[in-house]
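> Okay, so here is data00.txt, and as you'll see once you scroll down, it has compact mmCIF, C-alpha atoms.
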# COMPACT_ATOMS: atom_id res chain seq x y z
CA MET B 1 -91.17 284.76 -35.70
CA THR B 2 -94.60 283.16 -35.25
CA ILE B 3 -95.35 284.95 -31.99
CA PHE B 4 -94.55 288.25 -33.69
CA TRP B 5 -97.82 287.94 -35.61
CA LYS B 6 -99.72 287.67 -32.36
CA TYR B 7 -98.23 291.00 -31.37
CA TYR B 8 -98.87 292.39 -34.83
CA PHE B 9 -102.54 291.49 -34.86
CA ASP B 10 -103.06 292.68 -31.28
CA CYS B 11 -101.63 296.11 -32.17
CA THR B 12 -103.33 296.20 -35.56
CA PHE B 13 -106.69 295.73 -33.87
CA PHE B 14 -106.21 299.09 -32.13
CA ASN B 15 -104.82 300.56 -35.35
CA LEU B 16 -107.97 299.47 -37.21
CA LEU B 17 -110.22 301.07 -34.61
CA PHE B 18 -108.22 304.25 -35.12
CA GLY B 19 -108.60 303.79 -38.89
CA ILE B 20 -112.38 303.50 -38.61
CA VAL B 21 -112.53 306.79 -36.71
CA VAL B 22 -110.34 308.50 -39.31
CA TYR B 23 -112.45 306.99 -42.11
CA LEU B 24 -115.63 308.41 -40.59
CA LEU B 25 -114.03 311.83 -40.17
CA SER B 26 -111.86 312.14 -43.28
CA GLY B 27 -112.56 309.34 -45.73
CA PHE B 28 -110.87 306.21 -47.03
CA VAL B 29 -107.60 307.61 -48.38
CA TRP B 30 -106.71 309.41 -45.13
CA ALA B 31 -107.71 306.32 -43.15
CA LEU B 32 -105.34 304.23 -45.25
CA ILE B 33 -102.48 306.73 -44.99
CA LEU B 34 -102.84 307.24 -41.25
CA CYS B 35 -103.26 303.50 -40.53
CA ALA B 36 -99.99 302.86 -42.35
CA THR B 37 -98.14 305.61 -40.48
CA LEU B 38 -99.49 307.21 -37.30
CA GLY B 39 -101.73 304.21 -36.63
CA ASN B 40 -98.68 302.11 -35.81
CA LEU B 41 -97.89 304.44 -32.94
CA VAL B 42 -101.52 304.33 -31.83
CA GLY B 43 -101.48 300.51 -31.85
CA PHE B 44 -98.14 300.43 -30.04
CA LEU B 45 -99.33 302.84 -27.34
CA CYS B 46 -102.69 301.09 -26.88
CA PHE B 47 -100.98 297.71 -26.59
CA GLY B 48 -98.55 299.12 -24.04
CA TYR B 49 -101.37 300.63 -22.01
CA LEU B 50 -103.82 297.73 -22.14
CA LYS B 51 -101.58 294.69 -22.53
CA GLY B 52 -98.17 296.02 -21.53
CA GLU B 53 -97.49 293.15 -19.13
CA GLN B 54 -97.32 290.83 -22.17
CA TYR B 55 -94.10 292.49 -23.26
CA SER B 56 -92.31 290.19 -20.83
CA LEU B 57 -93.30 287.27 -23.05
CA TYR B 58 -91.81 288.94 -26.12
CA PHE B 59 -88.67 289.96 -24.22
CA ASN B 60 -88.23 286.39 -23.04
CA LEU B 61 -88.41 285.26 -26.64
CA GLY B 62 -85.74 287.75 -27.66
CA TYR B 63 -87.90 290.50 -29.17
CA THR B 64 -87.25 294.07 -28.11
CA LYS B 65 -89.92 296.78 -28.22
CA ARG B 66 -87.91 298.53 -30.91
CA PHE B 67 -87.86 295.41 -33.10
CA LEU B 68 -91.58 294.78 -32.61
CA PHE B 69 -92.55 298.36 -33.38
CA LEU B 70 -90.28 298.77 -36.39
CA THR B 71 -91.25 295.43 -37.92
CA MET B 72 -94.94 296.16 -37.44
CA SER B 73 -94.48 299.63 -38.96
CA LEU B 74 -92.63 298.16 -41.92
CA VAL B 75 -95.35 295.57 -42.57
CA ASN B 76 -98.13 298.15 -42.28
CA GLY B 77 -96.19 300.70 -44.30
CA VAL B 78 -95.72 298.28 -47.20
CA ALA B 79 -99.31 297.00 -46.95
CA GLY B 80 -100.69 300.54 -46.74
CA ALA B 81 -98.63 301.80 -49.69
CA THR B 82 -99.67 298.80 -51.79
CA ALA B 83 -103.34 299.24 -50.91
CA LEU B 84 -103.17 302.97 -51.64
CA LEU B 85 -101.51 302.34 -54.98
CA LEU B 86 -104.13 299.76 -55.93
CA TYR B 87 -106.91 302.11 -54.85
CA LEU B 88 -105.50 304.96 -56.94
CA ILE B 89 -105.03 302.70 -59.99
CA LEU B 90 -108.51 301.20 -59.74
CA SER B 91 -110.24 304.49 -59.11
CA MET G 92 -71.51 279.16 -17.01
CA GLU G 93 -71.60 282.09 -14.62
CA LEU G 94 -73.47 285.38 -14.51
CA GLN G 95 -71.76 288.10 -12.53
CA VAL G 96 -73.55 291.34 -11.73
CA ASP G 97 -71.61 294.19 -10.14
CA GLN G 98 -71.99 297.82 -9.17
CA VAL G 99 -75.73 297.87 -9.38
CA THR G 100 -76.81 301.27 -8.16
CA ILE G 101 -80.17 302.83 -8.80
CA ALA G 102 -82.20 305.59 -7.21
CA PHE G 103 -85.79 306.65 -7.67
CA GLY G 104 -85.90 310.35 -6.95
CA ALA G 105 -84.03 311.00 -3.73
CA ARG G 106 -84.35 307.39 -2.60
CA THR G 107 -81.42 305.10 -3.36
CA VAL G 108 -82.83 301.59 -3.75
CA LEU G 109 -79.72 299.66 -4.74
CA GLN G 110 -76.24 300.76 -3.77
CA ASP G 111 -73.31 298.98 -5.37
CA ALA G 112 -75.03 295.59 -5.17
CA SER G 113 -73.21 292.54 -6.52
CA LEU G 114 -74.43 289.05 -7.26
CA GLN G 115 -73.12 285.87 -8.78
CA LEU G 116 -75.27 283.17 -10.31
CA ARG G 117 -73.91 279.93 -11.68
CA ARG G 118 -75.56 277.38 -13.89
CA GLY G 119 -76.54 274.44 -11.69
CA GLU G 120 -77.65 276.43 -8.66
CA ILE G 121 -80.73 278.09 -7.27
CA VAL G 122 -80.15 281.36 -5.45
CA GLY G 123 -82.83 282.80 -3.19
CA LEU G 124 -83.37 286.52 -2.86
CA PHE G 125 -85.20 288.00 0.12
CA GLY G 126 -86.01 291.52 1.06
CA ARG G 127 -88.76 293.59 2.57
CA ASN G 128 -91.33 295.28 0.37
CA GLY G 129 -89.74 298.11 -1.56
CA SER G 130 -86.20 296.89 -0.88
CA GLY G 131 -85.46 296.60 -4.61
CA LYS G 132 -85.76 292.86 -5.31
CA SER G 133 -87.90 293.24 -8.40
CA THR G 134 -85.82 296.18 -9.56
CA LEU G 135 -82.67 294.10 -9.27
CA LEU G 136 -84.23 291.29 -11.31
CA LYS G 137 -85.38 293.76 -13.97
CA ILE G 138 -81.91 295.29 -14.14
CA ILE G 139 -80.40 291.86 -14.72
CA PHE G 140 -83.10 291.09 -17.31
CA GLY G 141 -82.41 294.41 -19.01
CA THR G 142 -85.76 296.18 -18.73
CA VAL G 143 -84.69 298.68 -16.06
CA ARG G 144 -81.57 300.62 -16.93
CA ALA G 145 -78.82 301.01 -14.36
CA PRO G 146 -76.00 302.74 -16.25
CA ALA G 147 -73.27 301.81 -13.80
CA ALA G 148 -74.23 298.13 -13.60
CA GLN G 149 -71.73 295.66 -14.98
CA LEU G 150 -72.98 292.33 -16.24
CA ARG G 151 -70.61 289.57 -17.18
CA ILE G 152 -71.30 286.10 -18.48
CA ASP G 153 -68.28 283.84 -18.15
CA GLY G 154 -66.17 286.94 -17.77
CA GLU G 155 -67.41 288.56 -20.97
CA ARG G 156 -68.99 291.97 -20.48
CA TRP G 157 -72.55 292.45 -21.75
CA ALA G 158 -74.49 295.68 -22.06
CA GLN G 159 -77.96 295.50 -20.54
CA ARG G 160 -79.62 296.18 -23.89
CA GLU G 161 -77.84 293.17 -25.43
CA LEU G 162 -79.26 290.60 -23.04
CA ILE G 163 -82.82 290.35 -24.40
CA PRO G 164 -81.87 289.82 -28.06
CA ALA G 165 -79.13 287.40 -27.01
CA GLY G 166 -81.57 285.24 -25.05
CA LYS G 167 -79.30 284.86 -22.05
CA VAL G 168 -81.73 285.63 -19.24
CA ALA G 169 -85.39 284.67 -18.90
CA TYR G 170 -87.64 286.44 -16.44
CA LEU G 171 -90.91 285.66 -14.70
CA PRO G 172 -92.50 288.96 -13.69
CA GLN G 173 -94.80 289.31 -10.69
CA GLN G 174 -97.76 290.13 -12.90
CA GLU G 175 -99.12 287.65 -15.42
CA TYR G 176 -97.34 287.94 -18.72
CA LEU G 177 -99.10 285.48 -21.01
CA PRO G 178 -101.84 286.56 -23.44
CA THR G 179 -105.18 285.47 -22.02
CA GLY G 180 -107.56 285.30 -24.98
CA ILE G 181 -105.99 282.15 -26.33
CA THR G 182 -105.84 278.49 -25.27
CA THR G 183 -102.66 276.83 -24.07
CA ARG G 184 -102.97 274.46 -27.01
CA ALA G 185 -102.97 277.38 -29.46
CA LEU G 186 -100.35 279.47 -27.65
CA LEU G 187 -97.55 276.97 -27.25
CA PRO G 188 -96.95 276.29 -30.97
CA LEU G 189 -96.51 280.07 -31.39
CA LEU G 190 -93.68 279.96 -28.86
CA PHE G 191 -91.89 276.74 -29.72
CA SER G 192 -91.27 275.02 -33.02
CA ASP G 193 -89.38 272.18 -31.35
CA GLY G 194 -91.81 269.27 -30.91
CA GLU G 195 -89.83 267.87 -28.01
CA LYS G 196 -90.22 271.06 -26.01
CA LEU G 197 -93.91 271.20 -26.82
CA ASP G 198 -94.32 267.63 -25.63
CA ARG G 199 -92.49 268.40 -22.41
CA ILE G 200 -95.01 271.12 -21.65
CA PHE G 201 -98.11 269.33 -22.88
CA TYR G 202 -97.21 266.20 -20.93
CA ALA G 203 -96.19 268.05 -17.78
CA PRO G 204 -98.43 267.37 -14.78
CA LEU G 205 -101.76 269.26 -14.77
CA VAL G 206 -101.37 270.74 -18.25
CA GLU G 207 -103.71 268.28 -19.95
CA HIS G 208 -106.47 269.43 -17.58
CA PHE G 209 -106.38 273.01 -18.80
CA ALA G 210 -104.69 272.91 -22.22
CA HIS G 211 -108.01 273.28 -24.07
CA ARG G 212 -109.19 276.26 -22.01
CA LYS G 213 -108.45 279.89 -22.73
CA LEU G 214 -105.92 281.36 -20.36
CA HIS G 215 -108.39 283.85 -18.90
CA ASP G 216 -110.44 280.88 -17.72
CA LEU G 217 -107.51 279.38 -15.82
CA SER G 218 -106.82 280.09 -12.18
CA VAL G 219 -104.02 282.49 -11.29
CA GLY G 220 -101.99 279.52 -10.05
CA GLU G 221 -102.48 277.57 -13.28
CA ARG G 222 -101.39 280.55 -15.35
CA LYS G 223 -98.32 281.08 -13.20
CA TYR G 224 -97.43 277.39 -13.38
CA LEU G 225 -97.78 277.47 -17.16
CA GLY G 226 -95.66 280.64 -17.30
CA ILE G 227 -92.86 278.94 -15.36
CA LEU G 228 -93.14 275.79 -17.48
CA ILE G 229 -92.67 277.89 -20.60
CA LEU G 230 -89.66 279.75 -19.21
CA CYS G 231 -88.03 276.50 -18.16
CA GLN G 232 -88.22 275.24 -21.74
CA LEU G 233 -86.42 278.27 -23.16
CA ASP G 234 -82.74 277.80 -23.94
CA HIS G 235 -81.70 280.74 -21.76
CA PRO G 236 -78.97 279.70 -19.32
CA PHE G 237 -80.28 281.96 -16.53
CA LEU G 238 -83.74 282.25 -15.12
CA LEU G 239 -85.05 285.00 -12.85
CA LEU G 240 -88.29 284.36 -10.99
CA ASP G 241 -90.17 287.09 -9.20
CA GLU G 242 -92.58 285.59 -6.65
CA PRO G 243 -93.09 282.18 -8.28
CA PHE G 244 -94.83 280.79 -5.16
CA THR G 245 -97.26 283.63 -4.56
CA MET G 246 -100.94 282.65 -4.97
CA ILE G 247 -100.01 279.05 -5.70
CA ASP G 248 -101.67 276.08 -4.00
CA PRO G 249 -99.47 273.55 -2.16
CA LEU G 250 -99.74 270.87 -4.87
CA CYS G 251 -98.73 273.32 -7.57
CA LYS G 252 -95.89 274.63 -5.39
CA ASP G 253 -94.49 271.13 -5.18
CA LEU G 254 -94.72 270.80 -8.96
CA ILE G 255 -92.87 274.09 -9.40
CA LYS G 256 -90.17 273.03 -6.95
CA THR G 257 -89.68 269.77 -8.81
CA LEU G 258 -89.59 271.65 -12.11
CA LEU G 259 -86.99 274.11 -10.82
CA ALA G 260 -84.87 271.35 -9.34
CA GLU G 261 -84.91 269.67 -12.76
CA SER G 262 -84.22 272.93 -14.60
CA LYS G 263 -81.27 273.85 -12.45
CA LYS G 264 -79.30 271.06 -14.09
CA VAL G 265 -79.03 273.30 -17.15
CA LYS G 266 -79.78 276.74 -15.75
CA GLY G 267 -78.82 279.13 -13.01
CA ILE G 268 -81.96 280.26 -11.20
CA LEU G 269 -82.43 283.38 -9.11
CA LEU G 270 -85.75 283.54 -7.32
CA SER G 271 -87.34 286.05 -5.06
CA ASP G 272 -90.38 285.38 -2.91
CA HIS G 273 -91.74 286.18 0.54
CA TYR G 274 -92.58 282.50 1.04
CA TYR G 275 -89.18 282.08 2.63
CA ASP G 276 -89.65 278.48 3.72
CA ASP G 277 -90.29 277.44 0.11
CA VAL G 278 -87.33 279.44 -1.12
CA LEU G 279 -84.98 278.15 1.58
CA GLN G 280 -86.09 274.60 0.81
CA ILE G 281 -84.90 274.70 -2.78
CA ALA G 282 -82.20 277.39 -2.78
CA ASP G 283 -78.54 276.38 -2.65
CA ARG G 284 -77.71 279.77 -1.16
CA SER G 285 -79.58 282.96 -0.45
CA TYR G 286 -79.20 286.70 -0.05
CA LEU G 287 -81.12 289.32 1.84
CA LEU G 288 -81.42 292.66 0.12
CA GLN G 289 -80.96 295.24 2.82
CA ASP G 290 -80.05 298.93 2.67
CA GLY G 291 -79.34 298.60 -1.03
CA GLY G 292 -76.82 295.78 -0.67
CA LEU G 293 -76.93 291.99 -0.70
CA VAL G 294 -76.17 290.15 2.52
CA PRO G 295 -75.63 286.36 2.36
CA VAL G 296 -78.03 284.40 4.57
CA ALA G 297 -77.76 280.76 5.56
CA GLY G 298 -81.27 280.18 6.78
CA ARG G 299 -84.18 281.29 8.87
CA ALA G 300 -81.98 282.25 11.82
CA ASP G 301 -80.07 284.74 9.67
CA LEU G 302 -83.32 286.17 8.33
CA LYS G 303 -84.42 286.73 11.93
CA ARG G 304 -81.08 288.17 12.98
CA LEU G 305 -81.10 290.61 10.08
CA GLY G 306 -84.65 291.75 10.79
CA TYR G 307 -86.45 290.24 7.79
CA LEU G 308 -88.41 287.95 10.10
CA GLY G 309 -89.81 288.88 13.50
CA ARG G 310 -87.92 287.44 16.47
In structure tokens, what does this structure look like?


Amino acid sequence: MTIFWKYYFDCTFFNLLFGIVVYLLSGFVWALILCATLGNLVGFLCFGYLKGEQYSLYFNLGYTKRFLFLTMSLVNGVAGATALLLYLILS
Amino acid sequence: MELQVDQVTIAFGARTVLQDASLQLRRGEIVGLFGRNGSGKSTLLKIIFGTVRAPAAQLRIDGERWAQRELIPAGKVAYLPQQEYLPTGITTRALLPLLFSDGEKLDRIFYAPLVEHFAHRKLHDLSVGERKYLGILILCQLDHPFLLLDEPFTMIDPLCKDLIKTLLAESKKVKGILLSDHYYDDVLQIADRSYLLQDGGLVPVAGRADLKRLGYLGR
């Protein structure tokens, strides 16, 4: 599972860039919501375009694209929902 | 253990690349795969690995049928692609513990020839040959019983080639290895048997004379 986090952080980097753009255009709440949802697809597509050859490493270790994408989406979905909830409670 | 691949047919547009190709790979042997550019060698390897779909293809391991999509999660076949597949912004020393938790496997890689010279450097600072050597070292340490190598000798210096040959000869004790490369002398040297991919099918070849006779090499 350790190498999964390498994939996760590589994709999340692109997701965060996307989040910064959304934040500048629409504010924090939308940035959080879109990072936790659409941002996963953005990260997945950017990784595939810029680092797609690295998928062979993950395949060799038994990870499919579907598993990587769904697990990343789950992690970001839970993290995003938690952060949004905290933000709403605190504000 | 034996991998049997049958009825591999695939076309790209109007061009049929593989037509009912069949191949057998046993643990304990190295099989060479030759073919001219565009003949479908890499496609065949990707079909066996499971990243290119060929609906009619039948894959069996010890007689048991496997769907292509099952092979990656099951960890049956490892694959070295032509292009570099390792992340480059990380050192070998930092990467390997992410891949292996088994200390013995880590030691086998860290104490392999040459590795100590580049283990502390980021992969993007290594030569192409060093990265490819490391990539093969990693694949050889996986538990997968079958290993597919696409151009393992390309852009590799003679010393490193010898190391790779030694590594593959050692690995074949526990794996079946299918390798494709245009460096036919290197392949013929270590392969137990070989095929030429021609007109979509696999033709057995015994050596350089067969490669000449079948038009892969000039006469």

> For chain G, list the residues within 6 Å of chain B, counting all atoms listed in the file, and write the list as a tab-separated table (two decimals) with C-alpha atoms, in the coordinates of the input.


chain	number	residue	atom	x	y	z
G	163	ILE	CA	-82.82	290.35	-24.40
G	164	PRO	CA	-81.87	289.82	-28.06
G	166	GLY	CA	-81.57	285.24	-25.05
G	169	ALA	CA	-85.39	284.67	-18.90
G	176	TYR	CA	-97.34	287.94	-18.72
G	177	LEU	CA	-99.10	285.48	-21.01
G	189	LEU	CA	-96.51	280.07	-31.39

> Let me make sure I understand: among B:Leu68, B:Leu16, B:Cys11, B:Val29, which one has the smallest atom-to-atom distance to Phe44 (chain B) if we use all atoms listed in the file?

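Using all atoms listed in the file, the shortest distance to Phe44 (chain B) belongs to B:Cys11.
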
> Would you list the contacts of region 202-211 of chain G as an MDAnalysis selection string, taking every protein, DNA or RNA residue within 12 Å and counting all atoms listed in the file, but skipping same-chain residues closer than 3 positions in sequence?

chainID G and resid 181:187 194:199 214:218 220:229 231:232 250:251 253:255 257:258

> Do you know which residues are at most 12 Å from Leu88 (chain B) counting all atoms listed in the file, after dropping those on the same chain fewer than 3 positions away, and could you put them as a PyMOL selection string?

chain B and resi 28-29+32+81-85+91

> Can you measure CA of Arg160 (chain G) to CA of Leu190 (chain G) for me? One decimal in Å is fine.

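Calculated distance between CA of Arg160 (chain G) and CA of Leu190 (chain G) is 22.0 Å.
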
> Mind giving me the straight-line distance from CA of Val75 (chain B) to CA of Val22 (chain B) in Å, one decimal?

20.1 Å

> If you count all atoms listed in the file, which residues fall within 9 Å of Val42 (chain B), apart from same-chain ones fewer than 4 positions away, as a PDB file with C-alpha atoms, in the frame of the given file?


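Result file selection.pdb:
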ATOM      1  CA  CYS B  11    -101.630 296.110 -32.170  1.00  0.00           C
ATOM      2  CA  PHE B  14    -106.210 299.090 -32.130  1.00  0.00           C
ATOM      3  CA  ASN B  15    -104.820 300.560 -35.350  1.00  0.00           C
ATOM      4  CA  PHE B  18    -108.220 304.250 -35.120  1.00  0.00           C
ATOM      5  CA  CYS B  35    -103.260 303.500 -40.530  1.00  0.00           C
ATOM      6  CA  LEU B  38     -99.490 307.210 -37.300  1.00  0.00           C
ATOM      7  CA  CYS B  46    -102.690 301.090 -26.880  1.00  0.00           C
ATOM      8  CA  PHE B  47    -100.980 297.710 -26.590  1.00  0.00           C
TER       9      PHE B  47
END

> Find the residues near Val108 (chain G): any atom within 9 Å, counting all atoms listed in the file, skip ones fewer than 3 places away on the same chain, and give them as a list in words.

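That gives Thr100, Ile101, Ala102, Phe103, Gly129, Ser130, Gly131, Thr134, Asp290, Gly291 and Gly292 of chain G.
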
> I need the residues from that last selection saved to file as an mmCIF file, in the coordinates of the input (with C-alpha atoms), if you can.


data_model
loop_
_atom_site.group_PDB
_atom_site.id
_atom_site.type_symbol
_atom_site.label_atom_id
_atom_site.label_comp_id
_atom_site.auth_asym_id
_atom_site.auth_seq_id
_atom_site.Cartn_x
_atom_site.Cartn_y
_atom_site.Cartn_z
ATOM 1 C CA THR G 100 -76.810 301.270 -8.160
ATOM 2 C CA ILE G 101 -80.170 302.830 -8.800
ATOM 3 C CA ALA G 102 -82.200 305.590 -7.210
ATOM 4 C CA PHE G 103 -85.790 306.650 -7.670
ATOM 5 C CA GLY G 129 -89.740 298.110 -1.560
ATOM 6 C CA SER G 130 -86.200 296.890 -0.880
ATOM 7 C CA GLY G 131 -85.460 296.600 -4.610
ATOM 8 C CA THR G 134 -85.820 296.180 -9.560
ATOM 9 C CA ASP G 290 -80.050 298.930 2.670
ATOM 10 C CA GLY G 291 -79.340 298.600 -1.030
ATOM 11 C CA GLY G 292 -76.820 295.780 -0.670
#

> Counting all atoms listed in the file, what is within 6 Å of Gly119 (chain G), bar same-chain residues fewer than 6 positions away, as a list in words?

Lys263, Lys264, Lys266 and Gly267 of chain G

> To box region 54-60 of chain B, take all atoms listed in the file, fit an axis-aligned box, add 5 Å on each side, and give centre and edge lengths in Å to one decimal, as lines of an AutoDock Vina configuration file.


center_x = -92.8
center_y = 289.4
center_z = -23.5
size_x = 19.1
size_y = 16.1
size_z = 15.3

> Interatomic distance between CA of Val99 (chain G) and CA of Leu293 (chain G)?

10.6 Å

> Give as a short mmCIF file (atom, residue, chain, number, x, y, z; two decimals) with C-alpha atoms, in the coordinates of the input every residue, naming chains and numbers as the document does, that has an atom within 10 Å of (-87.8, 285.0, -4.1), counting all atoms listed in the file.


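Dumped everything to out02.cif:
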data_model
loop_
_atom_site.label_atom_id
_atom_site.label_comp_id
_atom_site.auth_asym_id
_atom_site.auth_seq_id
_atom_site.Cartn_x
_atom_site.Cartn_y
_atom_site.Cartn_z
CA VAL G 122 -80.15 281.36 -5.45
CA GLY G 123 -82.83 282.80 -3.19
CA LEU G 124 -83.37 286.52 -2.86
CA PHE G 125 -85.20 288.00 0.12
CA GLY G 126 -86.01 291.52 1.06
CA LYS G 132 -85.76 292.86 -5.31
CA SER G 133 -87.90 293.24 -8.40
CA LEU G 239 -85.05 285.00 -12.85
CA LEU G 240 -88.29 284.36 -10.99
CA ASP G 241 -90.17 287.09 -9.20
CA GLU G 242 -92.58 285.59 -6.65
CA PRO G 243 -93.09 282.18 -8.28
CA PHE G 244 -94.83 280.79 -5.16
CA THR G 245 -97.26 283.63 -4.56
CA LEU G 269 -82.43 283.38 -9.11
CA LEU G 270 -85.75 283.54 -7.32
CA SER G 271 -87.34 286.05 -5.06
CA ASP G 272 -90.38 285.38 -2.91
CA HIS G 273 -91.74 286.18 0.54
CA TYR G 274 -92.58 282.50 1.04
CA TYR G 275 -89.18 282.08 2.63
CA ASP G 277 -90.29 277.44 0.11
CA VAL G 278 -87.33 279.44 -1.12
CA LEU G 279 -84.98 278.15 1.58
CA ALA G 282 -82.20 277.39 -2.78
CA SER G 285 -79.58 282.96 -0.45
CA TYR G 286 -79.20 286.70 -0.05
CA LEU G 287 -81.12 289.32 1.84
#

> Counting only C-alpha atoms, figure out which residue out of G:Arg144, G:Lys137, G:Arg310, G:Arg151 gets nearest to Pro172 (chain G).

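Of the candidates, the smallest distance to Pro172 (chain G) is held by G:Lys137.
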
> Find, counting only C-alpha atoms, the residue in B:Val21, B:Gly27, B:Tyr8, B:Ile89 that gets nearest to Asn40 (chain B).

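The answer is B:Tyr8, which sits nearest to Asn40 (chain B).
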
> Taking only C-alpha atoms into account, which of G:Ala112, G:Ala105, G:Leu171, G:Val96 comes nearest Gln149 (chain G)?

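Going through G:Ala112, G:Ala105, G:Leu171, G:Val96 one by one, the smallest distance to Gln149 (chain G) is for G:Val96.
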
> Between B:Leu17, B:Leu34, B:Leu45, B:Leu25, which has the minimum distance to Phe69 (chain B) (counting only C-alpha atoms)?

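Going through B:Leu17, B:Leu34, B:Leu45, B:Leu25 one by one, the smallest distance to Phe69 (chain B) is for B:Leu45.
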